file protein.tsv (TSV, C-alpha atoms)
chain	number	residue	atom	x	y	z
A	1260	MET	CA	28.48	-19.15	8.42
A	1261	ASN	CA	28.57	-15.58	9.68
A	1262	ASP	CA	30.87	-12.76	8.53
A	1263	TYR	CA	32.34	-10.48	11.15
A	1264	ASP	CA	32.25	-6.81	10.20
A	1265	GLN	CA	35.30	-5.14	11.75
A	1266	GLU	CA	33.90	-1.61	11.39
A	1267	THR	CA	30.64	-2.20	13.14
A	1268	GLY	CA	31.71	-5.09	15.29
A	1269	ILE	CA	28.67	-7.16	14.48
A	1270	ASP	CA	28.15	-10.37	12.71
A	1271	ASN	CA	26.54	-10.08	9.32
A	1272	PRO	CA	24.74	-13.23	8.51
A	1273	ARG	CA	24.78	-13.90	4.83
A	1274	PRO	CA	21.37	-13.94	3.28
A	1275	PRO	CA	20.23	-17.44	2.49
A	1276	LYS	CA	20.76	-18.46	-1.08
A	1277	LEU	CA	17.54	-18.56	-3.00
A	1278	SER	CA	16.72	-20.89	-5.80
A	1279	LYS	CA	15.67	-19.40	-9.12
A	1280	SER	CA	12.04	-20.28	-8.48
A	1281	ALA	CA	12.17	-18.76	-5.00
A	1282	LYS	CA	13.64	-15.55	-6.40
A	1283	LYS	CA	10.93	-15.42	-9.01
A	1284	ALA	CA	8.26	-16.00	-6.37
A	1285	ASN	CA	9.76	-13.21	-4.25
A	1286	LEU	CA	9.66	-10.82	-7.17
A	1287	ARG	CA	6.06	-11.63	-7.82
A	1288	ALA	CA	5.18	-11.24	-4.16
A	1289	GLU	CA	6.66	-7.74	-4.05
A	1290	PRO	CA	5.14	-5.67	-6.79
A	1291	HIS	CA	7.03	-2.56	-7.86
A	1292	TYR	CA	4.05	-0.30	-7.62
A	1293	ASP	CA	2.06	-0.54	-4.40
A	1294	GLU	CA	1.23	3.10	-4.86
A	1295	VAL	CA	1.92	5.08	-7.96
A	1296	ASN	CA	1.75	8.77	-8.70
A	1297	VAL	CA	0.24	10.02	-11.92
A	1298	LEU	CA	0.61	13.59	-13.09
A	1299	VAL	CA	-2.05	14.79	-15.53
A	1300	THR	CA	-1.97	17.92	-17.66
A	1301	GLY	CA	-4.62	19.52	-19.82
A	1302	PHE	CA	-4.48	22.38	-22.28
A	1303	GLY	CA	-6.03	25.77	-21.86
A	1304	VAL	CA	-8.25	27.63	-24.22
A	1305	SER	CA	-6.90	28.02	-27.71
A	1306	HIS	CA	-8.00	30.26	-30.51
A	1307	ASP	CA	-8.74	27.21	-32.64
A	1308	LEU	CA	-11.14	25.61	-30.19
A	1309	ILE	CA	-14.83	26.14	-30.58
A	1310	SER	CA	-16.80	28.61	-28.56
A	1311	VAL	CA	-19.33	26.95	-26.36
A	1312	PRO	CA	-22.57	28.47	-25.17
A	1313	VAL	CA	-22.68	28.47	-21.39
A	1314	SER	CA	-26.09	26.83	-21.42
A	1315	HIS	CA	-24.55	23.89	-23.29
A	1316	LEU	CA	-22.33	23.14	-20.30
A	1317	GLY	CA	-25.26	22.41	-18.06
A	1318	PHE	CA	-25.04	25.43	-15.82
A	1319	ALA	CA	-26.18	29.00	-16.11
A	1320	ARG	CA	-23.89	31.96	-15.74
A	1321	ARG	CA	-24.89	34.12	-12.81
A	1322	LYS	CA	-26.33	37.37	-14.02
A	1323	SER	CA	-24.76	40.57	-12.86
A	1324	HIS	CA	-27.02	42.81	-10.82
A	1325	ASN	CA	-25.02	45.90	-11.58
B	500	MET	CA	-27.09	36.27	-32.44
B	501	GLN	CA	-25.62	34.85	-29.24
B	502	ALA	CA	-24.74	37.42	-26.62
B	503	VAL	CA	-21.04	37.66	-25.89
B	504	ASP	CA	-21.74	37.14	-22.20
B	505	ASP	CA	-23.25	33.74	-22.93
B	506	ILE	CA	-20.23	32.41	-24.77
B	507	ILE	CA	-17.13	31.06	-23.09
B	508	LYS	CA	-14.08	29.36	-24.52
B	509	PHE	CA	-13.68	25.89	-23.23
B	510	ASN	CA	-11.06	23.17	-23.54
B	511	PRO	CA	-12.41	19.74	-22.63
B	512	SER	CA	-8.96	18.34	-21.89
B	513	TRP	CA	-8.49	20.72	-18.98
B	514	ALA	CA	-12.09	20.27	-17.81
B	515	VAL	CA	-11.64	16.49	-17.71
B	516	ALA	CA	-8.24	16.77	-15.99
B	517	LYS	CA	-9.74	18.99	-13.30
B	518	SER	CA	-12.58	16.57	-12.70
B	519	LEU	CA	-10.32	13.59	-11.95
B	520	PRO	CA	-10.43	12.21	-8.40
B	521	PRO	CA	-7.33	12.66	-6.20
B	522	ALA	CA	-6.82	8.91	-5.90
B	523	LEU	CA	-7.94	5.61	-7.35
B	524	THR	CA	-8.23	2.82	-4.83
B	525	ALA	CA	-6.67	-0.56	-5.39
B	526	ASN	CA	-8.96	-3.51	-5.92
B	527	ALA	CA	-8.83	-7.05	-7.25
B	528	ALA	CA	-8.78	-5.92	-10.87
B	529	HIS	CA	-6.33	-3.05	-10.32
B	530	PRO	CA	-3.80	-3.91	-7.62
B	531	SER	CA	-2.06	-0.52	-7.45
B	532	ARG	CA	-3.31	2.43	-5.47
B	533	ILE	CA	-2.99	5.42	-7.76
B	534	ARG	CA	-2.58	9.02	-6.68
B	535	ILE	CA	-3.61	11.53	-9.32
B	536	ILE	CA	-1.96	14.93	-9.28
B	537	VAL	CA	-3.40	17.39	-11.75
B	538	HIS	CA	-1.09	20.18	-12.82
B	539	PRO	CA	-2.54	23.26	-11.12
B	540	SER	CA	-3.08	25.30	-14.25
B	541	PRO	CA	-3.93	24.56	-17.86
B	542	VAL	CA	-0.99	24.36	-20.23
B	543	PRO	CA	-0.91	27.41	-22.53
B	544	ASN	CA	-1.08	26.74	-26.25
B	545	VAL	CA	2.34	28.27	-26.68
B	546	TYR	CA	5.41	26.32	-27.80
B	547	LYS	CA	7.81	28.26	-25.59
B	548	ASP	CA	5.67	27.79	-22.47
B	549	VAL	CA	5.33	24.06	-23.13
B	550	LEU	CA	9.09	23.73	-23.43
B	551	ASN	CA	9.72	25.69	-20.23
B	552	LEU	CA	7.12	23.71	-18.30
B	553	THR	CA	8.33	20.23	-19.28
B	554	PRO	CA	11.27	19.79	-16.81
B	555	HIS	CA	9.09	20.97	-13.92
B	556	LEU	CA	6.59	18.20	-14.56
B	557	PHE	CA	9.24	15.62	-13.75
B	558	ASP	CA	11.12	17.50	-11.03
B	559	ASN	CA	8.85	17.07	-8.02
B	560	HIS	CA	9.39	16.21	-4.37
B	561	PHE	CA	7.60	12.93	-5.06
B	562	SER	CA	8.18	10.25	-7.65
B	563	VAL	CA	6.03	10.50	-10.73
B	564	HIS	CA	5.47	7.15	-12.37
B	565	LEU	CA	3.28	8.35	-15.21
B	566	VAL	CA	2.85	11.72	-16.88
B	567	LEU	CA	-0.34	11.80	-18.91
B	568	HIS	CA	-0.91	14.68	-21.32
B	569	LEU	CA	-4.50	15.34	-22.33
B	570	SER	CA	-5.48	17.42	-25.33
B	571	ALA	CA	-8.57	18.06	-27.41
B	572	ALA	CA	-8.82	17.19	-31.08
B	573	LEU	CA	-9.11	19.92	-33.66
B	574	ASP	CA	-11.42	17.90	-35.87
B	575	SER	CA	-14.92	16.61	-35.16
B	576	ARG	CA	-13.92	13.07	-34.24
B	577	ASP	CA	-16.01	10.93	-31.90
B	578	TYR	CA	-13.23	8.74	-30.56
B	579	TYR	CA	-10.46	8.92	-28.00
B	580	SER	CA	-6.94	8.10	-29.08
B	581	LEU	CA	-3.86	7.03	-27.20
B	582	GLU	CA	-0.79	8.43	-28.92
B	583	ARG	CA	1.91	5.87	-29.46
B	584	CYS	CA	4.74	8.02	-30.73
B	585	ALA	CA	5.87	11.61	-31.09
B	586	ILE	CA	7.57	13.03	-34.16
B	587	LYS	CA	10.41	15.54	-33.88
B	588	PRO	CA	8.80	18.95	-34.18
B	589	ALA	CA	8.80	20.48	-37.63
B	590	TYR	CA	5.43	22.06	-37.24
B	591	THR	CA	4.51	25.06	-39.24
B	592	GLU	CA	1.32	25.87	-37.37
B	593	PRO	CA	1.61	28.99	-35.24
B	594	ASP	CA	0.70	28.91	-31.56
B	595	ASP	CA	-1.58	31.36	-29.78
B	596	THR	CA	1.12	34.02	-29.88
B	597	GLY	CA	1.70	33.52	-33.59
B	598	GLU	CA	5.10	31.87	-33.01
B	599	ARG	CA	6.18	28.76	-34.88
B	600	VAL	CA	8.58	26.01	-33.83
B	601	MET	CA	12.11	27.37	-34.17
B	602	PRO	CA	14.86	24.72	-34.28
B	603	SER	CA	17.32	27.23	-32.83
B	604	ARG	CA	15.22	27.52	-29.66
B	605	GLN	CA	15.03	23.81	-29.04
B	606	PRO	CA	17.23	22.15	-26.43
B	607	GLU	CA	20.54	20.88	-27.74
B	608	TYR	CA	19.82	17.31	-26.67
B	609	TRP	CA	16.84	17.23	-29.04
B	610	MET	CA	19.33	17.11	-31.89
B	611	ARG	CA	20.58	13.77	-30.62
B	612	GLN	CA	17.08	12.31	-30.49
B	613	PRO	CA	15.70	10.22	-33.32
B	614	ASP	CA	12.97	11.72	-35.48
B	615	THR	CA	10.35	9.58	-33.76
B	616	LEU	CA	10.18	8.84	-30.06
B	617	ARG	CA	7.98	6.05	-28.82
B	618	SER	CA	6.44	5.77	-25.41
B	619	SER	CA	7.88	3.03	-23.24
B	620	SER	CA	4.51	1.59	-22.41
B	621	ALA	CA	3.37	-1.74	-23.75
B	622	PHE	CA	0.66	-0.11	-25.77
B	623	ASN	CA	-0.97	-3.16	-27.27
B	624	ASP	CA	-1.57	-4.56	-23.85
B	625	ALA	CA	-2.65	-1.19	-22.47
B	626	LEU	CA	-5.09	-0.70	-25.34
B	627	THR	CA	-6.67	-4.09	-24.76
B	628	ARG	CA	-7.00	-3.42	-21.04
B	629	TRP	CA	-8.43	0.04	-21.77
B	630	ARG	CA	-11.07	-1.33	-24.11
B	631	SER	CA	-11.99	-4.08	-21.68
B	632	ASP	CA	-12.39	-1.66	-18.80
B	633	VAL	CA	-14.21	1.28	-20.38
B	634	PRO	CA	-17.69	0.55	-21.71
B	635	VAL	CA	-18.08	3.69	-23.83
B	636	SER	CA	-19.48	1.94	-26.85
B	637	ASP	CA	-20.76	-1.34	-28.12
B	638	PHE	CA	-17.27	-2.36	-29.11
B	639	PRO	CA	-17.19	-6.16	-29.48
B	640	ILE	CA	-14.40	-6.68	-27.04
B	641	PHE	CA	-14.94	-10.45	-26.88
B	642	LEU	CA	-14.57	-10.79	-30.65
B	643	TYR	CA	-11.54	-8.49	-30.56
B	644	LEU	CA	-9.82	-10.47	-27.80
B	645	SER	CA	-10.72	-13.76	-29.46
B	646	THR	CA	-9.16	-12.63	-32.74
B	647	ILE	CA	-5.96	-11.50	-31.04
B	648	ALA	CA	-5.76	-14.66	-28.97
B	649	LEU	CA	-6.34	-16.85	-32.03
B	650	THR	CA	-3.65	-15.00	-33.98
B	651	PHE	CA	-1.27	-15.33	-31.06
B	652	LEU	CA	-1.91	-19.04	-30.54
B	653	LEU	CA	-1.57	-19.83	-34.23
B	654	SER	CA	1.65	-17.86	-34.53
B	655	VAL	CA	3.15	-19.49	-31.42
B	656	SER	CA	2.19	-22.98	-32.54
B	657	GLY	CA	3.58	-22.34	-36.01
B	658	HIS	CA	0.24	-22.84	-37.72
B	659	LEU	CA	-0.08	-19.29	-39.01
B	660	CYS	CA	1.46	-20.18	-42.33
B	661	SER	CA	-1.68	-19.72	-44.38
B	662	THR	CA	-1.59	-16.28	-45.99
B	663	ASN	CA	-5.36	-16.23	-46.39
B	664	LEU	CA	-5.94	-16.98	-42.73
B	665	GLN	CA	-3.39	-14.39	-41.66
B	666	ASP	CA	-4.95	-11.75	-43.92
B	667	THR	CA	-8.43	-12.56	-42.67
B	668	LEU	CA	-7.43	-12.22	-39.04
B	669	LEU	CA	-5.57	-9.00	-39.83
B	670	THR	CA	-8.60	-7.58	-41.63
B	671	ILE	CA	-10.93	-8.44	-38.75
B	672	THR	CA	-8.60	-6.80	-36.23
B	673	ARG	CA	-8.27	-3.66	-38.36
B	674	LEU	CA	-12.01	-3.37	-38.87
B	675	LEU	CA	-12.59	-3.75	-35.17
B	676	ASP	CA	-9.93	-1.13	-34.46
B	677	GLN	CA	-11.66	1.34	-36.75
B	678	THR	CA	-15.02	0.90	-35.06
B	679	SER	CA	-13.71	1.40	-31.58
B	680	GLU	CA	-14.08	4.66	-29.73
B	681	LEU	CA	-10.76	3.93	-28.04
B	682	ARG	CA	-7.96	3.83	-30.57
B	683	MET	CA	-4.23	3.98	-30.91
B	684	SER	CA	-2.69	6.76	-32.96
B	685	ASP	CA	0.75	7.49	-34.36
B	686	ARG	CA	0.37	11.26	-34.49
B	687	ALA	CA	-1.28	13.62	-32.06
B	688	ASN	CA	-4.03	15.65	-33.66
B	689	HIS	CA	-3.09	18.99	-32.11
B	690	PRO	CA	0.37	20.34	-33.07
B	691	ILE	CA	1.11	21.78	-29.64
B	692	ALA	CA	0.00	18.55	-27.98
B	693	ALA	CA	2.38	16.67	-30.28
B	694	TYR	CA	5.10	19.12	-29.33
B	695	GLN	CA	4.43	18.57	-25.64
B	696	PHE	CA	4.50	14.80	-26.06
B	697	PHE	CA	7.85	14.94	-27.85
B	698	ALA	CA	9.28	17.34	-25.25
B	699	SER	CA	8.33	15.02	-22.38
B	700	LEU	CA	9.63	11.88	-24.07
B	701	ALA	CA	12.88	13.63	-24.97
B	702	HIS	CA	13.26	14.88	-21.40
B	703	VAL	CA	12.76	11.40	-19.93
B	704	GLN	CA	15.15	9.96	-22.48
B	705	GLN	CA	17.79	12.55	-21.65
B	706	ALA	CA	17.37	12.69	-17.87
B	707	GLY	CA	16.91	8.97	-17.41
B	708	SER	CA	19.50	7.63	-19.80
B	709	HIS	CA	21.46	6.15	-16.90
B	710	VAL	CA	18.56	4.24	-15.34
B	711	PRO	CA	16.83	1.15	-16.66
B	712	TRP	CA	13.58	1.73	-18.48
B	713	GLN	CA	11.59	0.09	-15.68
B	714	GLU	CA	12.54	2.98	-13.39
B	715	ARG	CA	11.86	5.76	-15.82
B	716	THR	CA	8.73	7.83	-15.76
B	717	MET	CA	6.16	6.69	-18.27
B	718	VAL	CA	4.87	9.34	-20.62
B	719	ALA	CA	1.56	9.02	-22.44
B	720	ALA	CA	-0.62	11.38	-24.43
B	721	MET	CA	-4.31	11.10	-25.15
B	722	THR	CA	-6.52	13.07	-27.49
B	723	LEU	CA	-10.14	13.61	-26.52
B	724	PRO	CA	-12.94	14.54	-28.88
B	725	ASN	CA	-13.67	18.23	-28.80
B	726	LYS	CA	-17.03	17.82	-27.11
B	727	THR	CA	-18.07	19.79	-24.12
B	728	SER	CA	-21.49	18.74	-22.90
B	729	VAL	CA	-21.79	17.54	-19.32
B	730	GLU	CA	-22.32	13.99	-20.58
B	731	ASP	CA	-19.27	14.18	-22.83
B	732	LEU	CA	-17.06	15.44	-20.02
B	733	GLU	CA	-18.30	12.73	-17.68
B	734	GLU	CA	-17.57	10.12	-20.35
B	735	GLY	CA	-14.13	11.65	-20.89
B	736	ARG	CA	-13.45	11.43	-17.18
B	737	LYS	CA	-14.31	7.72	-17.13
B	738	VAL	CA	-12.21	7.09	-20.23
B	739	VAL	CA	-9.17	8.84	-18.72
B	740	ILE	CA	-9.51	6.91	-15.46
B	741	GLY	CA	-9.73	3.69	-17.48
B	742	LEU	CA	-6.61	4.67	-19.41
B	743	ILE	CA	-4.65	5.42	-16.23
B	744	TYR	CA	-5.59	2.02	-14.83
B	745	ALA	CA	-4.67	0.34	-18.13
B	746	LEU	CA	-1.25	1.99	-18.40
B	747	ILE	CA	-0.31	1.32	-14.77
B	748	ASP	CA	-1.54	-2.27	-14.84
B	749	SER	CA	0.18	-2.86	-18.15
B	750	ARG	CA	3.54	-1.61	-16.88
B	751	ARG	CA	3.16	-3.55	-13.66
B	752	PHE	CA	2.39	-6.81	-15.39
B	753	ARG	CA	5.22	-6.30	-17.86
B	754	ASP	CA	7.65	-5.91	-14.98
B	755	GLY	CA	6.38	-9.06	-13.37
B	756	ASP	CA	4.50	-12.01	-14.64
B	757	TYR	CA	3.48	-10.56	-17.95
B	758	HIS	CA	2.72	-12.16	-21.28
B	759	GLU	CA	2.82	-9.81	-24.23
B	760	LEU	CA	-0.16	-9.82	-26.55
B	761	PRO	CA	0.46	-9.72	-30.28
B	762	ASP	CA	-0.31	-6.63	-32.30
B	763	SER	CA	-2.65	-6.48	-35.27
B	764	ARG	CA	-0.02	-8.12	-37.47
B	765	GLY	CA	0.35	-10.99	-35.05
B	766	ASN	CA	3.78	-9.81	-33.94
B	767	LEU	CA	4.83	-9.51	-30.37
B	768	ASP	CA	5.48	-5.98	-29.27
B	769	PRO	CA	9.18	-5.74	-28.40
B	770	VAL	CA	10.13	-4.26	-25.06
B	771	GLU	CA	10.97	-0.71	-26.02
B	772	ASP	CA	13.65	1.24	-24.33
B	773	ASP	CA	12.32	4.75	-24.88
B	774	GLN	CA	14.13	4.72	-28.16
call {"tool": "encode", "arguments": {"input": "protein.tsv", "output": "structure tokens"}}
result
Amino acid sequence: MNDYDQETGIDNPRPPKLSKSAKKANLRAEPHYDEVNVLVTGFGVSHDLISVPVSHLGFARRKSHN
Amino acid sequence: MQAVDDIIKFNPSWAVAKSLPPALTANAAHPSRIRIIVHPSPVPNVYKDVLNLTPHLFDNHFSVHLVLHLSAALDSRDYYSLERCAIKPAYTEPDDTGERVMPSRQPEYWMRQPDTLRSSSAFNDALTRWRSDVPVSDFPIFLYLSTIALTFLLSVSGHLCSTNLQDTLLTITRLLDQTSELRMSDRANHPIAAYQFFASLAHVQQAGSHVPWQERTMVAAMTLPNKTSVEDLEEGRKVVIGLIYALIDSRRFRDGDYHELPDSRGNLDPVEDDQ
């Protein structure tokens, strides 16, 4: 049975009633997170962190030619 | 003596964050496509700056499902830890400007928060997924999973009445936990990292009090070992990616067809509501 919406002038068919199992299946079929956004932060240098020789990082600091 | 020019200060948490890829593709094991946004600058080791930054992390033009705070340990540990809870700041350690935590400068809504805030993630499940996914050590994941599964099955079937058996299973799980390079922790190692974790959890709790926990932003904090070789940073990068997958998959499965795993005491982890 359709409902007539007087404002829009169109028939609004009621959604079919779903059984509990059908609802559950629908929920499982539509995951909440198809794409998720993750924000990552990291801390800067602190006075209590160790000093690291540049050579230990696997790259050499470019020497100044001045 | 080392020349000053050859020494630089270096925080591995920021180095690892910067090295993360912009996205993780979905696959059979990880059904969600994950976009990784790294905050454009390192967080200063200053309480006031951390507090000012916190609301901006959550107020973006896009939805943020997970905020992951990385920090480096102050000690010489070899393991990575996922922080489970944050304690209301009462830290006496000064920050880089020499300032300490002043209760009078904290937001008013912090006063209404409990002393300990717990992340809303299902951490037992996330930890298991993390360990299964990240081969950083020779951790006996099969033995670990078998012990948890056995504890769970015995508790569900009502056969876990023997105290000796329960203690034995508990001991095995604890020993395995202590040998793992991926652990769960109840207190962040760095005081400013702990402060940041509490600030984010309190913000989510305050701003999202009107929405169900499923729709709130997850907050997690991880402490990395303070190691800075190229190999260590590459390992840290893999570990963080594994943790992101584990947290997202864990939340997703809890929302849907998800079966909670028992903790080390054989108890089921209750669904937490960012208490």
call {"tool": "closest_residue", "arguments": {"input": "protein.tsv", "among": "B:Leu746, B:Ala625, B:Val738, B:Leu652", "to": "chain A", "atoms": "all atoms listed in the file"}}
result
B:Leu746
call {"tool": "closest_atom_pairs", "arguments": {"input": "protein.tsv", "of": "chain B", "to": "chain A", "cutoff": "8 Å", "atoms": "all atoms listed in the file", "output": "CSV"}}
result
residue,atom,partner,partner_atom,distance
B:Asp505,CA,A:Val1313,CA,5.5
B:Ile506,CA,A:Pro1312,CA,4.6
B:Ile507,CA,A:Val1311,CA,5.7
B:Lys508,CA,A:Ser1310,CA,4.9
B:Phe509,CA,A:Val1304,CA,5.8
B:Asn510,CA,A:Val1304,CA,5.3
B:Ser512,CA,A:Gly1301,CA,5.0
B:Trp513,CA,A:Gly1301,CA,4.1
B:Ala514,CA,A:Gly1301,CA,7.8
B:Val515,CA,A:Gly1301,CA,7.9
B:Ala516,CA,A:Gly1301,CA,5.9
B:Pro530,CA,A:Asp1293,CA,7.5
B:Ser531,CA,A:Asp1293,CA,5.1
B:Arg532,CA,A:Glu1294,CA,4.6
B:Ile533,CA,A:Val1295,CA,4.9
B:Arg534,CA,A:Asn1296,CA,4.8
B:Ile535,CA,A:Val1297,CA,4.9
B:Ile536,CA,A:Leu1298,CA,4.8
B:Val537,CA,A:Val1299,CA,4.8
B:His538,CA,A:Thr1300,CA,5.4
B:Pro541,CA,A:Gly1303,CA,4.7
B:Val542,CA,A:Phe1302,CA,4.5
B:Pro543,CA,A:Gly1303,CA,5.4
B:Asn544,CA,A:Ser1305,CA,6.1
B:Leu556,CA,A:Leu1298,CA,7.7
B:Ser562,CA,A:Asn1296,CA,6.7
B:Val563,CA,A:Asn1296,CA,5.0
B:His564,CA,A:Asn1296,CA,5.5
B:Leu565,CA,A:Val1297,CA,4.8
B:Val566,CA,A:Leu1298,CA,4.8
B:Leu567,CA,A:Val1299,CA,4.8
B:His568,CA,A:Thr1300,CA,5.0
B:Leu569,CA,A:Gly1301,CA,4.9
B:Ser570,CA,A:Phe1302,CA,5.9
B:Ala571,CA,A:Phe1302,CA,7.9
B:Leu573,CA,A:Leu1308,CA,7.0
B:Asp595,CA,A:His1306,CA,6.6
B:Asn725,CA,A:Leu1308,CA,7.9
B:Thr727,CA,A:Leu1316,CA,6.6
B:Ser728,CA,A:Leu1316,CA,5.2
B:Val729,CA,A:Leu1316,CA,5.7
B:Ile743,CA,A:Val1297,CA,8.0
B:Arg751,CA,A:Tyr1292,CA,6.9
B:Asp754,CA,A:His1291,CA,7.9
B:Gly755,CA,A:Arg1287,CA,6.1
B:Asp756,CA,A:Arg1287,CA,7.0
call {"tool": "residues_around", "arguments": {"input": "protein.tsv", "residues": "Thr553 of chain B", "least_positions_apart": "6", "cutoff": "8 Å", "atoms": "all atoms listed in the file", "output": "PyMOL selection string"}}
result
chain B and resi 695+698-699+702
call {"tool": "write_last_selection", "arguments": {"input": "protein.tsv", "atoms": "C-alpha atoms", "output": "PDB file, in the coordinates of the input"}}
result
ATOM      1  CA  GLN B 695       4.430  18.570 -25.640  1.00  0.00           C
ATOM      2  CA  ALA B 698       9.280  17.340 -25.250  1.00  0.00           C
ATOM      3  CA  SER B 699       8.330  15.020 -22.380  1.00  0.00           C
ATOM      4  CA  HIS B 702      13.260  14.880 -21.400  1.00  0.00           C
TER       5      HIS B 702
END
call {"tool": "atom_distance", "arguments": {"input": "protein.tsv", "atom1": "atom CA of Ser518 of chain B", "atom2": "atom CA of Pro690 of chain B"}}
result
24.4 Å
call {"tool": "atom_distance", "arguments": {"input": "protein.tsv", "atom1": "atom CA of Val545 of chain B", "atom2": "atom CA of Arg604 of chain B"}}
result
13.2 Å
call {"tool": "atom_distance", "arguments": {"input": "protein.tsv", "atom1": "atom CA of Ala701 of chain B", "atom2": "atom CA of Ala719 of chain B"}}
result
12.5 Å
call {"tool": "residues_around", "arguments": {"input": "protein.tsv", "residues": "Ser575 of chain B", "least_positions_apart": "2", "cutoff": "10 Å", "atoms": "all atoms listed in the file", "output": "ChimeraX atom specification"}}
result
/B:572-573,577-578,724-726
call {"tool": "residues_around", "arguments": {"input": "protein.tsv", "residues": "Arg611 of chain B", "least_positions_apart": "3", "cutoff": "12 Å", "atoms": "all atoms listed in the file", "output": "list in words"}}
result
Lys587, Gln605, Pro606, Glu607, Tyr608, Asp614, Thr615, Leu616, Ala701, His702, Gln704, Gln705 and Gln774 of chain B
